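Visitor: Input file: protein.tsv. Contents: TSV, C-alpha atoms and all ligand atoms.
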chain	number	residue	atom	x	y	z
B	1	MET	CA	71.35	205.14	119.24
B	2	LYS	CA	71.14	207.22	116.04
B	3	ASN	CA	67.56	208.52	116.27
B	4	PHE	CA	64.73	207.93	118.73
B	5	THR	CA	61.43	207.57	116.92
B	6	SER	CA	60.23	204.16	118.13
B	7	ILE	CA	61.29	201.27	120.34
B	8	LYS	CA	63.05	199.86	117.26
B	9	ASP	CA	65.74	202.52	117.69
B	10	ILE	CA	66.89	201.27	121.10
B	11	PHE	CA	69.49	198.60	121.74
B	12	SER	CA	67.96	197.03	124.86
B	13	LEU	CA	64.95	198.08	126.93
B	14	SER	CA	66.34	196.56	130.13
B	15	THR	CA	69.60	198.49	129.71
B	16	LEU	CA	67.81	201.76	128.92
B	17	LEU	CA	65.54	201.22	131.94
B	18	GLU	CA	68.54	200.77	134.23
B	19	GLU	CA	70.11	203.92	132.78
B	20	ALA	CA	66.93	205.93	133.46
B	21	LYS	CA	66.84	204.65	137.05
B	22	THR	CA	70.48	205.65	137.57
B	23	ILE	CA	69.80	209.10	136.11
B	24	LYS	CA	66.73	209.52	138.32
B	25	LYS	CA	68.87	208.95	141.44
B	26	ASN	CA	71.48	211.55	140.40
B	27	PRO	CA	70.14	213.66	137.50
B	28	TYR	CA	73.15	216.02	137.40
B	29	ASP	CA	75.86	213.35	137.19
B	30	PHE	CA	76.04	213.55	133.40
B	31	LYS	CA	76.29	217.30	132.95
B	32	SER	CA	79.52	217.17	130.94
B	33	PHE	CA	77.96	215.18	128.06
B	34	GLY	CA	75.77	218.06	126.92
B	35	GLU	CA	78.33	220.83	127.23
B	36	HIS	CA	78.22	223.13	124.17
B	37	LYS	CA	75.45	220.99	122.68
B	38	THR	CA	72.05	222.31	121.64
B	39	LEU	CA	68.66	220.58	121.57
B	40	GLY	CA	66.14	222.17	119.20
B	41	MET	CA	62.50	221.28	119.83
B	42	LEU	CA	60.00	221.96	117.07
B	43	PHE	CA	56.27	221.73	117.72
B	44	PHE	CA	53.59	221.51	115.05
B	45	ASN	CA	51.07	220.83	117.90
B	46	PRO	CA	50.50	221.85	121.53
B	47	SER	CA	52.38	220.32	124.47
B	48	LEU	CA	52.89	220.83	128.19
B	49	ARG	CA	54.71	217.73	129.51
B	50	THR	CA	56.80	216.82	126.51
B	51	ARG	CA	58.03	220.36	126.06
B	52	LEU	CA	58.92	221.00	129.68
B	53	SER	CA	60.21	217.55	130.66
B	54	THR	CA	62.43	217.24	127.58
B	55	GLN	CA	63.78	220.74	128.13
B	56	LYS	CA	64.49	219.86	131.75
B	57	ALA	CA	66.17	216.60	130.70
B	58	ALA	CA	68.42	218.47	128.26
B	59	GLN	CA	69.29	221.08	130.89
B	60	ASN	CA	70.14	218.36	133.40
B	61	LEU	CA	72.66	217.11	130.81
B	62	GLY	CA	74.16	220.58	130.45
B	63	MET	CA	72.60	221.22	127.01
B	64	HIS	CA	71.21	224.45	125.65
B	65	VAL	CA	67.63	224.29	124.42
B	66	MET	CA	65.80	226.15	121.66
B	67	VAL	CA	62.05	225.71	121.26
B	68	MET	CA	59.88	226.80	118.38
B	69	ASN	CA	56.16	226.47	117.80
B	70	LEU	CA	56.16	226.04	114.05
B	71	GLN	CA	52.42	226.57	113.57
B	72	THR	CA	52.36	230.00	115.16
B	73	ASP	CA	55.93	231.31	114.89
B	74	GLY	CA	57.41	229.75	111.76
B	75	TRP	CA	56.90	230.04	108.03
B	76	THR	CA	54.32	227.68	106.57
B	77	ILE	CA	56.31	224.59	105.60
B	78	GLU	CA	55.91	222.85	102.23
B	79	LEU	CA	56.26	219.07	102.41
B	80	GLN	CA	55.79	218.06	98.77
B	81	ASP	CA	58.67	217.96	96.31
B	82	GLY	CA	58.29	219.67	92.97
B	83	THR	CA	55.51	222.02	94.09
B	84	VAL	CA	55.27	225.44	92.49
B	85	MET	CA	55.19	227.33	95.76
B	86	ASN	CA	52.96	230.21	94.68
B	87	GLN	CA	50.21	229.39	97.22
B	88	GLY	CA	50.17	229.29	101.04
B	89	SER	CA	53.44	227.54	101.88
B	90	GLN	CA	56.50	229.75	102.29
B	91	GLU	CA	59.47	227.50	103.05
B	92	HIS	CA	60.32	223.99	101.89
B	93	ILE	CA	61.04	221.31	104.51
B	94	ARG	CA	64.34	220.53	102.72
B	95	GLU	CA	65.86	223.94	103.50
B	96	ALA	CA	64.15	224.29	106.88
B	97	VAL	CA	65.55	221.03	108.27
B	98	ALA	CA	69.01	221.51	106.72
B	99	VAL	CA	69.22	224.96	108.32
B	100	ILE	CA	67.98	223.78	111.74
B	101	SER	CA	70.56	220.96	111.63
B	102	GLN	CA	73.32	223.57	111.59
B	103	TYR	CA	72.04	225.21	114.78
B	104	CYS	CA	71.26	222.03	116.74
B	105	ASP	CA	73.04	218.82	117.75
B	106	ILE	CA	69.74	216.99	118.30
B	107	ILE	CA	66.32	217.90	116.88
B	108	GLY	CA	63.03	216.98	118.58
B	109	ILE	CA	59.85	217.12	116.57
B	110	ARG	CA	56.14	216.84	117.44
B	111	THR	CA	53.86	216.15	114.52
B	112	PHE	CA	50.32	214.79	115.01
B	113	PRO	CA	48.44	212.84	112.33
B	114	SER	CA	45.82	214.37	110.04
B	115	LEU	CA	43.41	211.55	111.07
B	116	LYS	CA	42.04	211.95	107.53
B	117	ASN	CA	44.54	210.02	105.42
B	118	LYS	CA	45.48	206.71	107.06
B	119	GLU	CA	48.20	205.79	104.55
B	120	GLU	CA	49.93	209.14	104.81
B	121	ASP	CA	49.73	209.18	108.62
B	122	TYR	CA	50.97	205.60	109.01
B	123	GLN	CA	53.85	206.29	106.60
B	124	GLU	CA	55.00	209.00	109.07
B	125	ARG	CA	55.41	211.42	106.20
B	126	VAL	CA	56.54	214.46	108.23
B	127	LEU	CA	58.83	212.60	110.65
B	128	ASN	CA	60.50	210.71	107.80
B	129	LYS	CA	61.16	213.92	105.89
B	130	PHE	CA	62.85	215.35	108.98
B	131	MET	CA	65.03	212.23	109.20
B	132	ALA	CA	65.81	212.40	105.50
B	133	TYR	CA	66.93	216.03	105.49
B	134	ALA	CA	68.50	216.34	108.96
B	135	SER	CA	72.22	215.85	109.49
B	136	VAL	CA	71.77	215.34	113.27
B	137	PRO	CA	69.74	212.82	115.35
B	138	ILE	CA	65.94	213.17	115.44
B	139	VAL	CA	63.86	212.54	118.57
B	140	SER	CA	60.11	211.99	118.30
B	141	LEU	CA	58.17	214.21	120.69
B	142	GLU	CA	55.04	212.28	119.47
B	143	SER	CA	54.63	211.53	115.83
B	144	ALA	CA	51.60	210.56	113.76
B	145	THR	CA	51.53	206.98	115.04
B	146	LEU	CA	53.88	206.71	118.06
B	147	HIS	CA	54.84	208.48	121.30
B	148	PRO	CA	57.96	206.60	122.45
B	149	LEU	CA	59.10	209.05	125.16
B	150	GLN	CA	55.68	208.63	126.80
B	151	SER	CA	55.80	204.84	126.58
B	152	PHE	CA	59.29	204.70	128.03
B	153	ALA	CA	58.17	206.86	130.99
B	154	ASP	CA	55.14	204.57	131.39
B	155	VAL	CA	57.34	201.47	131.49
B	156	ILE	CA	59.57	203.14	134.12
B	157	THR	CA	56.46	203.99	136.18
B	158	ILE	CA	55.05	200.46	135.99
B	159	ASP	CA	58.46	199.06	136.89
B	160	GLU	CA	58.55	201.27	140.00
B	161	HIS	CA	55.05	200.26	141.16
B	162	LYS	CA	54.76	196.60	140.17
B	163	THR	CA	54.56	194.00	142.91
B	164	ASN	CA	55.44	191.00	140.72
B	165	ALA	CA	57.46	190.43	137.54
B	166	THR	CA	54.46	189.88	135.27
B	167	PRO	CA	51.75	192.37	136.26
B	168	LYS	CA	48.54	192.48	134.24
B	169	VAL	CA	48.35	195.76	132.32
B	170	VAL	CA	45.00	196.63	130.77
B	171	LEU	CA	45.00	199.31	128.09
B	172	THR	CA	41.42	200.53	127.86
B	173	TRP	CA	39.82	202.82	125.31
B	174	ALA	CA	37.93	205.65	127.03
B	175	PRO	CA	35.34	208.17	125.81
B	176	HIS	CA	36.39	211.55	124.38
B	177	PRO	CA	34.51	214.26	122.46
B	178	LYS	CA	37.28	214.94	119.89
B	179	ALA	CA	39.20	212.75	117.44
B	180	LEU	CA	42.55	211.81	118.99
B	181	PRO	CA	45.56	209.97	117.54
B	182	GLN	CA	46.24	206.27	118.15
B	183	ALA	CA	49.89	207.14	118.89
B	184	VAL	CA	49.95	206.79	122.69
B	185	ALA	CA	48.10	203.45	122.55
B	186	ASN	CA	50.14	202.03	119.62
B	187	SER	CA	53.35	202.97	121.32
B	188	LEU	CA	52.41	201.62	124.76
B	189	VAL	CA	51.59	198.28	123.15
B	190	GLN	CA	54.96	198.24	121.34
B	191	TRP	CA	56.87	198.88	124.57
B	192	ILE	CA	54.90	196.56	126.87
B	193	LYS	CA	55.37	193.77	124.33
B	194	GLU	CA	59.12	194.05	124.96
B	195	THR	CA	58.60	193.27	128.66
B	196	PRO	CA	57.37	190.10	130.41
B	197	MET	CA	54.14	191.88	131.43
B	198	ASP	CA	50.73	190.50	130.60
B	199	LEU	CA	48.97	192.97	128.28
B	200	VAL	CA	45.25	193.07	127.50
B	201	ILE	CA	43.68	195.72	125.27
B	202	THR	CA	39.99	196.52	125.57
B	203	ASN	CA	38.04	198.76	123.22
B	204	PRO	CA	34.61	198.95	121.59
B	205	GLU	CA	34.04	197.15	118.28
B	206	GLY	CA	35.39	199.24	115.43
B	207	PHE	CA	38.18	200.67	117.58
B	208	ASP	CA	40.80	197.92	117.28
B	209	LEU	CA	44.29	199.31	116.86
B	210	ALA	CA	46.35	198.56	113.75
B	211	PRO	CA	47.15	194.83	113.44
B	212	GLU	CA	50.89	195.60	113.25
B	213	PHE	CA	50.64	196.48	116.97
B	214	THR	CA	47.94	194.11	118.23
B	215	THR	CA	49.28	190.87	116.72
B	216	GLY	CA	49.85	188.46	119.60
B	217	VAL	CA	47.98	190.63	122.13
B	218	THR	CA	44.60	189.77	123.68
B	219	VAL	CA	41.95	192.25	122.53
B	220	MET	CA	38.58	192.19	124.33
B	221	HIS	CA	35.45	194.14	123.51
B	222	ASP	CA	33.98	193.62	127.02
B	223	GLN	CA	35.69	196.19	129.26
B	224	ASP	CA	34.47	194.74	132.59
B	225	GLU	CA	35.77	191.31	131.66
B	226	ALA	CA	39.14	192.76	130.61
B	227	LEU	CA	39.55	194.76	133.84
B	228	LYS	CA	39.25	191.70	136.08
B	229	GLY	CA	42.50	191.16	137.98
B	230	ALA	CA	44.27	194.15	136.39
B	231	ASP	CA	47.30	195.47	138.28
B	232	PHE	CA	47.48	198.56	136.06
B	233	VAL	CA	44.63	200.23	134.17
B	234	TYR	CA	45.91	202.51	131.41
B	235	ALA	CA	43.06	204.60	130.02
B	236	LYS	CA	43.34	206.43	126.72
B	237	ASN	CA	40.99	207.54	124.01
B	238	TRP	CA	41.84	207.00	120.38
B	239	SER	CA	39.82	207.62	117.25
B	240	SER	CA	39.08	204.65	115.03
B	241	TYR	CA	41.86	203.09	113.00
B	242	GLN	CA	39.42	200.87	111.14
B	243	HIS	CA	36.98	203.69	110.23
B	244	TYR	CA	39.87	206.06	110.14
B	245	GLY	CA	39.55	209.13	112.39
B	246	GLN	CA	35.92	208.50	113.37
B	247	ILE	CA	34.83	208.96	116.99
B	248	GLU	CA	32.30	207.19	119.22
B	249	THR	CA	30.06	209.39	121.35
B	250	GLU	CA	27.62	206.77	122.67
B	251	LYS	CA	30.00	204.89	124.97
B	252	ASN	CA	30.17	207.11	128.07
B	253	ASP	CA	29.96	203.95	130.17
B	254	TRP	CA	33.58	203.20	129.17
B	255	MET	CA	34.74	205.99	131.54
B	256	ILE	CA	36.98	204.62	134.32
B	257	THR	CA	35.10	204.93	137.63
B	258	ALA	CA	35.64	203.68	141.17
B	259	GLU	CA	33.17	200.85	140.45
B	260	LYS	CA	35.26	199.70	137.48
B	261	MET	CA	38.45	199.89	139.53
B	262	GLN	CA	36.72	197.52	142.01
B	263	LEU	CA	36.98	194.80	139.34
B	264	THR	CA	40.78	195.04	139.35
B	265	ASN	CA	43.46	193.61	141.61
B	266	ASN	CA	43.80	196.85	143.60
B	267	GLY	CA	44.82	198.25	140.22
B	268	LYS	CA	46.73	201.48	139.70
B	269	PHE	CA	45.26	204.05	137.33
B	270	MET	CA	47.41	205.45	134.52
B	271	HIS	CA	46.95	208.09	131.81
B	272	CYS	CA	49.49	210.05	129.77
B	273	LEU	CA	47.71	213.39	130.36
B	274	PRO	CA	46.22	215.79	129.42
B	275	VAL	CA	43.00	214.11	130.53
B	276	ARG	CA	39.37	215.24	130.46
B	277	ARG	CA	38.06	214.63	133.98
B	278	ASN	CA	34.69	212.92	134.31
B	279	VAL	CA	34.82	211.97	130.62
B	280	VAL	CA	37.83	209.62	130.51
B	281	VAL	CA	38.15	209.08	134.29
B	282	SER	CA	36.06	210.11	137.29
B	283	ASP	CA	37.47	212.58	139.84
B	284	ASP	CA	37.56	209.99	142.62
B	285	VAL	CA	39.80	207.65	140.60
B	286	ILE	CA	42.28	210.24	139.33
B	287	ASP	CA	42.44	211.86	142.79
B	288	SER	CA	42.88	208.55	144.60
B	289	ASN	CA	46.13	207.16	146.01
B	290	ASP	CA	46.01	204.55	143.24
B	291	SER	CA	46.46	207.15	140.52
B	292	LEU	CA	49.93	207.25	138.95
B	293	VAL	CA	49.38	210.11	136.50
B	294	ILE	CA	51.67	212.60	138.27
B	295	ALA	CA	54.39	209.95	138.72
B	296	GLN	CA	54.17	209.17	135.00
B	297	ALA	CA	54.66	212.82	134.10
B	298	ASN	CA	57.65	213.01	136.46
B	299	ASN	CA	59.29	210.05	134.74
B	300	ARG	CA	59.05	211.84	131.39
B	301	THR	CA	62.15	213.80	132.45
B	302	TYR	CA	64.25	210.72	133.18
B	303	ALA	CA	63.04	208.87	130.08
B	304	ALA	CA	64.02	211.85	127.93
B	305	GLN	CA	67.33	212.24	129.77
B	306	ALA	CA	68.29	208.59	129.19
B	307	VAL	CA	67.44	208.94	125.50
B	308	LEU	CA	69.30	212.24	125.02
B	309	LEU	CA	72.32	210.86	126.87
B	310	ASN	CA	72.47	207.86	124.54
B	311	LEU	CA	72.25	210.11	121.49
B	312	LEU	CA	75.00	212.39	122.85
B	313	LYS	CA	77.26	209.43	123.65
B	314	ASN	CA	76.77	208.02	120.16
B	315	GLU	CA	77.99	211.29	118.64
B	316	GLU	CA	81.39	211.11	120.27
Y	1	LIG	C1	47.22	213.88	122.36
Y	1	LIG	C2	47.00	212.45	121.89
Y	1	LIG	O1	46.01	211.83	122.24
Y	1	LIG	O2	47.84	211.94	121.14
Y	1	LIG	C3	48.49	214.01	123.13
Y	1	LIG	C4	48.64	213.08	124.29
Y	1	LIG	C5	49.99	213.10	124.88
Y	1	LIG	N1	46.12	214.28	123.21
Y	1	LIG	C6	45.30	215.27	122.93
Y	1	LIG	O3	45.38	215.85	121.88
Y	1	LIG	C7	44.28	215.63	123.95
Y	2	LIG	N1	51.71	213.30	127.73
Y	2	LIG	C1	52.14	214.27	126.89
Y	2	LIG	O1	52.87	214.05	125.92
Y	2	LIG	O2	51.70	215.52	127.21
Y	2	LIG	P1	51.87	216.83	126.36
Y	2	LIG	O3	51.01	216.66	125.13
Y	2	LIG	O4	51.39	217.93	127.26
Y	2	LIG	O5	53.29	217.00	125.96
Have the structure of the file written as structure tokens, please.
Guide:
Amino acid sequence: MKNFTSIKDIFSLSTLLEEAKTIKKNPYDFKSFGEHKTLGMLFFNPSLRTRLSTQKAAQNLGMHVMVMNLQTDGWTIELQDGTVMNQGSQEHIREAVAVISQYCDIIGIRTFPSLKNKEEDYQERVLNKFMAYASVPIVSLESATLHPLQSFADVITIDEHKTNATPKVVLTWAPHPKALPQAVANSLVQWIKETPMDLVITNPEGFDLAPEFTTGVTVMHDQDEALKGADFVYAKNWSSYQHYGQIETEKNDWMITAEKMQLTNNGKFMHCLPVRRNVVVSDDVIDSNDSLVIAQANNRTYAAQAVLLNLLKNEE
């Protein structure tokens, strides 16, 4: 593995899944691989889970970790080439990434979309510039359109809790007061497609995900119908891809409640977190024994550890 920015970077999901399971059993068995190696994590946006679980994963491998919040602690980065930098930006991404590459053996980067310019966001402008100018592997800590470490942890979690080989996974849009990326949803679809699981997406009209992800997947605009027989209910808000960045405030009835969970096959509730309680999901569902949200967050460590280990091994 050279970089980890989408499922396309991995060799085999089943192999990676087995590796994560092995690591989870004995997290400190691979401590020699990260000796004298440094992970640098750069955040353009907030994070709790990704920051802490990836740091923990690196430490379990014996790595050193440096973290920087670029928005608050760094110089303002210029992305465009050829700009006369006499305005707000203070440092060009070319120098910044070349310099960071000298301090780090692996670089993690979190960069959310603008949700204003669809083309620019879906071209992964910032992530691609990091890959272009870095001389070390790049790990996505959630980019404009994908969140592969989250999806890998989600696949591990489903694998641990499934009761048959082809569980029905329903990815449902949920209400939210702010415009959120499509990244978690896009990425989950990409990863589930690589498994034998039965995936159904449900969202209001106007909130279909990009066709590059949904091709071949059942998309339903009737949430109750979609939830019938679900083994796993994965709730997530995303702003519109079609009417790019727009939100929907009139669909509070899409919140996942105990009544909706009744439609499922004793379904488990999933969400990547952070979640707005009683907006996306009711207290009784997230607090129930059928909620997997804390287990998902735990698996973030082992997902990240499997990925970092592969990148370290590739370097040798
Ligand atoms: C982000 C998102 O929806 O992409 C991060 C989720 C892991 N969520 C929020 O900004 C609330
Ligand atoms: N799920 C997730 O990526 O959480 P953070 O945004 O807190 O890292």
Visitor: I'd like to know which of B:Glu119, B:Asp154, B:Glu250, B:Glu160 is closest to ligand LIG 1 (chain Y), using all atoms listed in the file.
Guide: B:Asp154
Visitor: Just give me the gap between atom CA of B:Thr22 and atom CA of B:Ala304 in Å, one decimal is fine.
Guide: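 Atom-to-atom, atom CA of B:Thr22 and atom CA of B:Ala304 are spaced 13.2 Å apart.
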Visitor: Calculate how many Å separate atom CA of B:Pro27 from atom O3 of ligand LIG 2 (chain Y), rounding to one decimal.
Guide: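 Computing the Euclidean distance for atom CA of B:Pro27 and atom O3 of ligand LIG 2 (chain Y) yields 23.0 Å.
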Visitor: So, with all atoms listed in the file as the atoms that count, which of B:Val285, B:Val217, B:Met131, B:Met41 lies closest to ligand LIG 2 (chain Y)?
Guide: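 Answer, going by the shortest atom-to-atom distance: B:Met41.
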Visitor: Using all atoms listed in the file, pick whichever of B:Arg277, B:Lys25, B:Lys228, B:Lys236 has the shortest atom-to-atom distance to ligand LIG 2 (chain Y).
Guide: B:Lys236
Visitor: Pick the closest to B:Thr157 from B:Asn128, B:Asn310, B:Ser12, B:Ser291: which is it, counting all atoms listed in the file?
Guide: B:Ser291
Visitor: Could you work out how far atom CA of B:Val67 lies from atom CA of B:Met270, giving the answer in Å with one decimal?
Guide: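 Interatomic distance, atom CA of B:Met270 to atom CA of B:Val67: 28.3 Å.
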Visitor: What does the list of residues within 7 Å of ligand LIG 1 (chain Y) look like if you count all atoms listed in the file, written as a count of residues only?
Guide: 11
Visitor: Which residues are near B:Ser101? Cut-off 6 Å, only C-alpha atoms, ignore same chain within fewer than 5 positions. Put them as a ChimeraX atom specification.
Guide: /B:134-136
Visitor: Report the closest atom pair, with its distance in Å rounded to one decimal, for each residue of chain B that has an atom no farther than 7 Å from ligand LIG 2 (chain Y); count only C-alpha atoms and all ligand atoms, sort by chain and then rising residue number, and write it as CSV.
Guide:
residue,atom,partner,partner_atom,distance
B:Pro46,CA,Y:LIG2,O3,6.3
B:Ser47,CA,Y:LIG2,O5,3.8
B:Leu48,CA,Y:LIG2,O4,3.4
B:Arg49,CA,Y:LIG2,O5,3.9
B:Thr50,CA,Y:LIG2,O5,3.6
B:Arg51,CA,Y:LIG2,O5,5.8
B:Gln150,CA,Y:LIG2,O1,6.2
B:Cys272,CA,Y:LIG2,N1,4.4
B:Leu273,CA,Y:LIG2,N1,4.8
B:Pro274,CA,Y:LIG2,O2,5.9
Visitor: Check the smallest atom-to-atom distance from each of B:Ala297, B:Leu39, B:Val155, B:Ile107 to B:Gly62 using all atoms listed in the file, then report the winner.
Guide: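 Nearest to B:Gly62: B:Leu39.
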Visitor: Within 8 Å of (59.3, 230.4, 103.1) (coordinates as in the file), grab all the protein and nucleic acid residues, counting all atoms listed in the file, and write them out as a PyMOL selection string.
Guide: chain B and resi 75-77+89-92
Visitor: Can you sort out the box for stretch 206-219 of chain B, edges along x, y and z, all listed atoms in, 8 Å on every side, with centre and edge lengths in Å to one decimal, as AutoDock Vina command-line options?
Guide:
--center_x 43.1 --center_y 194.6 --center_z 118.5 --size_x 31.5 --size_y 28.2 --size_z 26.4
Visitor: Choose the residue, out of B:Leu188, B:Ala174, B:Met68, B:Ile286, that has the smallest atom-to-atom separation from B:Ala153; count all atoms listed in the file.
Guide: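 Using all atoms listed in the file, B:Ala153 sits closest to B:Leu188.
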Visitor: So that I can see what lies close to B:Leu79, please list as a ChimeraX atom specification the residues with an atom at most 9 Å from it, counting all atoms listed in the file and leaving out residues fewer than 4 positions away in the same chain.
Guide: /B:83,89,92-94,125-126,129
Visitor: Need the shell around B:Phe232: protein/DNA/RNA residues with any atom at most 12 Å away, counting only C-alpha atoms. Skip same-chain ones fewer than 6 positions apart. Format as a VMD selection string?
Guide: chain B and resid 154 to 155 157 to 159 161 to 164 166 to 172 192 197 to 201 226 261 263 to 271 290 to 293
Visitor: Near B:Ser32, counting all atoms listed in the file, which residues have an atom at most 9 Å away, once you skip same-chain residues fewer than 3 positions from it, shown as a short mmCIF file (atom, residue, chain, number, x, y, z; two decimals) with C-alpha atoms, in the frame of the given file?
Guide:
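Saved to part09.cif:
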data_model
loop_
_atom_site.label_atom_id
_atom_site.label_comp_id
_atom_site.auth_asym_id
_atom_site.auth_seq_id
_atom_site.Cartn_x
_atom_site.Cartn_y
_atom_site.Cartn_z
CA ASP B 29 75.86 213.35 137.19
CA GLU B 35 78.33 220.83 127.23
CA LEU B 61 72.66 217.11 130.81
CA GLY B 62 74.16 220.58 130.45
CA MET B 63 72.60 221.22 127.01
#
